[in-house]
Amino acid sequence: MSEVLLDVRHLKKYFPSGDRNRPVKAVDDISFQIFRGETLGVVGESGCGKSTTGRLALNLMQPTEGEIRFEGRRLDVMRGKTMREMRKQMQIIFQDPYASLDPRKTVFQTLAEPFRIHNREMSREEIHREVTRLIGCVGLRPEHIYRYPHEFSGGQRQRVGIARAIALNPKFVVCDEPVSALDVSIQAQVINLLQDIKQEYNLTYMFISHDLRIIKHLCDRVMVMYLGTVVEIGSKEAIYERRRHPYTQALLSAIPNIRQTDTGKRILLTGDIPSPINPPSGCPFHPRCRYCMDVCKREKPALREMEDGTRVACHLELV
Ligand code: SF4
């Protein structure tokens, strides 16, 4: 087994709602690990807590409860200078390259900023050299560093976002839907770039996406989230081929090329995702589950480990 890079235990993030006694349970007691060098895919419908989990993993927001360890050190209690130092090792690539770049800054100014903050001893010439090197790494030309974000296409802007994320040689990058705002024709190029960069910089990725085809292409392991909880986590092969949890089955059956249900048909989920302010009793998936039993309405299933290491939160007899 590879070395654990990020270790998350009993993580909760509750946001205030209009009702003081009923917070929005965006993330509700999840535990998982990310191993050095892997890509962990995080999937689920919108509002399931994927992005909040990504931000919590980087200590960009305070958890309500729980612990996050990065290389064995408690991240959730780190503050100030120690956290700033740690921040160099962990970065995020945002979904929307339009919104994540400052329109008033040239690419040079954007990419020089991490060096100015974290490596104050670097001269302007050294920073210029680094920025030019970075922009080449992401497939843009040296003259691009003098342009503003509006002068680029969406794909080029996301390349700048990637360059900014790798500027300080991080170990861990959260990719939060990094291609979903791009044209399909551009998505493959950016995905290939992310793969190349991962190799070159020995990165570990948490890759958040609602696109199960991209997750299948990119990830080593997959974590399926539903209503702020983890319902299944395991190797890509186990998730896509064995798909034990009824929610995983429904998600995967929606994709024509990888649909392989018993009947070969799509499993239609009935009803809306319940509100995270008032989640259902027992199994959070029970109002939409075609296998729901009485026990499912009463008791929340714990994640159980299967023989192949996959962990599944379901009361069904699973092998
Ligand atoms: Fe369905 Fe029950 Fe399993 Fe939940 S615990 S997924 S309701 S069978």
# chains A, B, ... in the order shown; residues from 1 in each chain; ligands from 1
>>> residues_near_ligand(ligand="ligand 1", cutoff="8 Å", atoms="only C-alpha atoms and all ligand atoms", output="ChimeraX atom specification")
/A:245-247,282-293,295-297,300-301,313-316
>>> select_by_dssp(residues="region 43-264 of chain A", states="strand (DSSP E or B)", output="PyMOL selection string")
chain A and resi 43+65-70+73-74+90-93+172-176+204-208+221-226+229-235
>>> write_last_selection(atoms="C-alpha atoms", output="tab-separated table (two decimals), in the first residue's frame")
chain	number	residue	atom	x	y	z
A	43	VAL	CA	-18.27	12.08	-7.93
A	65	GLU	CA	-15.75	18.81	13.29
A	66	GLY	CA	-13.15	16.26	12.28
A	67	GLU	CA	-9.47	16.02	11.53
A	68	ILE	CA	-7.44	16.46	8.36
A	69	ARG	CA	-3.82	15.32	8.29
A	70	PHE	CA	-1.40	16.13	5.50
A	73	ARG	CA	0.40	16.86	10.37
A	74	ARG	CA	-2.94	18.26	11.53
A	90	MET	CA	-1.30	22.18	-1.85
A	91	GLN	CA	-3.15	24.01	-4.59
A	92	ILE	CA	-6.50	24.15	-6.32
A	93	ILE	CA	-7.57	24.44	-9.94
A	172	PHE	CA	-1.21	17.89	-3.84
A	173	VAL	CA	-3.72	19.55	-6.18
A	174	VAL	CA	-7.49	19.63	-5.89
A	175	CYS	CA	-8.98	19.87	-9.38
A	176	ASP	CA	-12.54	21.12	-8.89
A	204	THR	CA	-1.32	13.70	-6.19
A	205	TYR	CA	-4.77	14.78	-7.36
A	206	MET	CA	-8.21	14.97	-5.86
A	207	PHE	CA	-10.30	15.24	-9.02
A	208	ILE	CA	-13.84	16.46	-8.47
A	221	ARG	CA	-9.74	5.32	-7.06
A	222	VAL	CA	-13.21	6.79	-6.87
A	223	MET	CA	-15.24	8.18	-3.98
A	224	VAL	CA	-18.99	8.43	-4.55
A	225	MET	CA	-20.78	11.07	-2.46
A	226	TYR	CA	-24.45	11.52	-1.77
A	229	THR	CA	-21.81	11.45	2.90
A	230	VAL	CA	-19.54	8.88	1.26
A	231	VAL	CA	-21.61	5.96	-0.01
A	232	GLU	CA	-18.86	4.03	-1.77
A	233	ILE	CA	-15.10	4.32	-2.17
A	234	GLY	CA	-12.78	1.94	-3.94
A	235	SER	CA	-10.57	1.28	-6.92
>>> select_by_dssp(residues="region 110-262 of chain A", states="helix (DSSP H, G or I)", output="PDB file with C-alpha atoms, in the first residue's frame")
ATOM      1  CA  THR A 110      -0.800  36.521 -11.906  1.00  0.00           C
ATOM      2  CA  LEU A 111       1.983  33.965 -12.132  1.00  0.00           C
ATOM      3  CA  ALA A 112       4.565  36.152 -10.414  1.00  0.00           C
ATOM      4  CA  GLU A 113       2.360  36.564  -7.346  1.00  0.00           C
ATOM      5  CA  PRO A 114       3.066  33.166  -5.704  1.00  0.00           C
ATOM      6  CA  PHE A 115       6.820  33.819  -5.999  1.00  0.00           C
ATOM      7  CA  ARG A 116       6.486  37.322  -4.573  1.00  0.00           C
ATOM      8  CA  ILE A 117       4.508  36.015  -1.604  1.00  0.00           C
ATOM      9  CA  HIS A 118       6.454  32.839  -0.869  1.00  0.00           C
ATOM     10  CA  ARG A 124      12.535  40.148 -11.026  1.00  0.00           C
ATOM     11  CA  GLU A 125      14.728  38.382 -13.623  1.00  0.00           C
ATOM     12  CA  GLU A 126      14.435  35.073 -11.776  1.00  0.00           C
ATOM     13  CA  ILE A 127      10.672  35.460 -11.490  1.00  0.00           C
ATOM     14  CA  HIS A 128      10.477  36.314 -15.196  1.00  0.00           C
ATOM     15  CA  ARG A 129      12.444  33.177 -16.038  1.00  0.00           C
ATOM     16  CA  GLU A 130      10.191  31.025 -13.852  1.00  0.00           C
ATOM     17  CA  VAL A 131       6.994  32.499 -15.280  1.00  0.00           C
ATOM     18  CA  THR A 132       8.244  31.948 -18.837  1.00  0.00           C
ATOM     19  CA  ARG A 133       9.169  28.356 -17.966  1.00  0.00           C
ATOM     20  CA  LEU A 134       5.743  27.760 -16.387  1.00  0.00           C
ATOM     21  CA  ILE A 135       3.835  29.148 -19.325  1.00  0.00           C
ATOM     22  CA  GLY A 136       5.812  26.825 -21.610  1.00  0.00           C
ATOM     23  CA  CYS A 137       4.973  23.855 -19.355  1.00  0.00           C
ATOM     24  CA  PRO A 142       6.418  33.277 -23.953  1.00  0.00           C
ATOM     25  CA  GLU A 143       4.664  36.344 -25.391  1.00  0.00           C
ATOM     26  CA  HIS A 144       1.409  35.247 -23.709  1.00  0.00           C
ATOM     27  CA  ILE A 145       2.685  36.420 -20.345  1.00  0.00           C
ATOM     28  CA  TYR A 146       1.991  40.052 -21.288  1.00  0.00           C
ATOM     29  CA  PRO A 149      -7.281  37.041 -19.278  1.00  0.00           C
ATOM     30  CA  HIS A 150      -9.865  38.442 -21.730  1.00  0.00           C
ATOM     31  CA  GLU A 151      -7.359  37.967 -24.571  1.00  0.00           C
ATOM     32  CA  GLY A 154     -11.401  29.396 -22.119  1.00  0.00           C
ATOM     33  CA  GLY A 155      -8.947  26.540 -22.624  1.00  0.00           C
ATOM     34  CA  GLN A 156      -5.965  28.908 -22.596  1.00  0.00           C
ATOM     35  CA  ARG A 157      -7.251  30.561 -19.443  1.00  0.00           C
ATOM     36  CA  GLN A 158      -7.495  27.193 -17.747  1.00  0.00           C
ATOM     37  CA  ARG A 159      -3.881  26.541 -18.813  1.00  0.00           C
ATOM     38  CA  VAL A 160      -2.932  29.747 -16.981  1.00  0.00           C
ATOM     39  CA  GLY A 161      -4.887  28.463 -13.947  1.00  0.00           C
ATOM     40  CA  ILE A 162      -2.901  25.221 -14.101  1.00  0.00           C
ATOM     41  CA  ALA A 163       0.390  27.134 -14.385  1.00  0.00           C
ATOM     42  CA  ARG A 164      -0.535  29.144 -11.306  1.00  0.00           C
ATOM     43  CA  ALA A 165      -1.362  25.956  -9.383  1.00  0.00           C
ATOM     44  CA  ILE A 166       2.006  24.315 -10.118  1.00  0.00           C
ATOM     45  CA  VAL A 184     -15.994  19.442 -25.253  1.00  0.00           C
ATOM     46  CA  SER A 185     -13.379  19.821 -28.004  1.00  0.00           C
ATOM     47  CA  ILE A 186     -11.023  21.567 -25.565  1.00  0.00           C
ATOM     48  CA  GLN A 187     -11.688  19.304 -22.572  1.00  0.00           C
ATOM     49  CA  ALA A 188      -9.492  16.456 -23.845  1.00  0.00           C
ATOM     50  CA  GLN A 189      -6.521  18.800 -24.346  1.00  0.00           C
ATOM     51  CA  VAL A 190      -6.756  20.143 -20.802  1.00  0.00           C
ATOM     52  CA  ILE A 191      -7.197  16.632 -19.371  1.00  0.00           C
ATOM     53  CA  ASN A 192      -4.099  15.463 -21.237  1.00  0.00           C
ATOM     54  CA  LEU A 193      -2.209  18.457 -19.896  1.00  0.00           C
ATOM     55  CA  LEU A 194      -3.303  17.626 -16.335  1.00  0.00           C
ATOM     56  CA  GLN A 195      -2.042  14.066 -16.820  1.00  0.00           C
ATOM     57  CA  ASP A 196       1.314  15.236 -18.202  1.00  0.00           C
ATOM     58  CA  ILE A 197       1.756  17.760 -15.396  1.00  0.00           C
ATOM     59  CA  LYS A 198       0.952  15.091 -12.809  1.00  0.00           C
ATOM     60  CA  GLN A 199       3.749  12.893 -14.170  1.00  0.00           C
ATOM     61  CA  GLU A 200       6.234  15.690 -14.485  1.00  0.00           C
ATOM     62  CA  TYR A 201       5.633  17.164 -11.034  1.00  0.00           C
ATOM     63  CA  LEU A 212     -18.089   9.830 -14.845  1.00  0.00           C
ATOM     64  CA  ARG A 213     -16.367   9.310 -18.183  1.00  0.00           C
ATOM     65  CA  ILE A 214     -13.610  11.743 -17.271  1.00  0.00           C
ATOM     66  CA  ILE A 215     -13.277  10.174 -13.820  1.00  0.00           C
ATOM     67  CA  LYS A 216     -12.922   6.744 -15.418  1.00  0.00           C
ATOM     68  CA  HIS A 217     -10.249   8.021 -17.754  1.00  0.00           C
ATOM     69  CA  LEU A 218      -8.197   9.827 -15.125  1.00  0.00           C
ATOM     70  CA  LYS A 236     -11.801   2.520 -10.289  1.00  0.00           C
ATOM     71  CA  GLU A 237     -12.225  -1.073 -11.444  1.00  0.00           C
ATOM     72  CA  ALA A 238     -14.332  -2.002  -8.404  1.00  0.00           C
ATOM     73  CA  ILE A 239     -16.524   1.066  -8.690  1.00  0.00           C
ATOM     74  CA  TYR A 240     -17.138   0.796 -12.440  1.00  0.00           C
ATOM     75  CA  GLU A 241     -17.323  -2.967 -12.772  1.00  0.00           C
ATOM     76  CA  ARG A 242     -18.857  -4.130  -9.480  1.00  0.00           C
ATOM     77  CA  PRO A 246     -27.496   1.292  -5.498  1.00  0.00           C
ATOM     78  CA  TYR A 247     -26.648   4.982  -5.961  1.00  0.00           C
ATOM     79  CA  THR A 248     -23.400   4.138  -7.792  1.00  0.00           C
ATOM     80  CA  GLN A 249     -25.440   1.774  -9.994  1.00  0.00           C
ATOM     81  CA  ALA A 250     -27.892   4.536 -10.848  1.00  0.00           C
ATOM     82  CA  LEU A 251     -25.161   7.091 -11.588  1.00  0.00           C
ATOM     83  CA  LEU A 252     -23.277   4.733 -13.884  1.00  0.00           C
ATOM     84  CA  SER A 253     -26.381   3.472 -15.642  1.00  0.00           C
ATOM     85  CA  PRO A 256     -24.581   5.066 -22.396  1.00  0.00           C
ATOM     86  CA  ASN A 257     -21.057   3.802 -23.091  1.00  0.00           C
ATOM     87  CA  ILE A 258     -20.460   2.401 -19.646  1.00  0.00           C
TER      88      ILE A 258
END
>>> closest_residue(among="A:Gly80, A:Pro170, A:Pro178, A:Pro279", to="Asp96 (chain A)", atoms="only C-alpha atoms")
A:Pro178
>>> residues_around(residues="region 50-53 of chain A", least_positions_apart="2", cutoff="8 Å", atoms="only C-alpha atoms", output="ChimeraX atom specification")
/A:13,26-27,42-44,46-48,55-57,176,208,225,228
>>> closest_residue(among="A:Leu40, A:Asp29, A:Arg311, A:Asp19", to="Gly54 (chain A)", atoms="only C-alpha atoms")
A:Leu40
>>> closest_residue(among="A:Ser100, A:Gln89, A:Ser2, A:Gln33", to="Leu203 (chain A)", atoms="only C-alpha atoms")
A:Gln89
>>> atom_distance(atom1="CA of Phe35 (chain A)", atom2="CA of Val77 (chain A)")
21.4 Å
>>> residues_around(residues="Arg20 (chain A)", least_positions_apart="5", cutoff="12 Å", atoms="only C-alpha atoms", output="PyMOL selection string")
chain A and resi 14-15+277
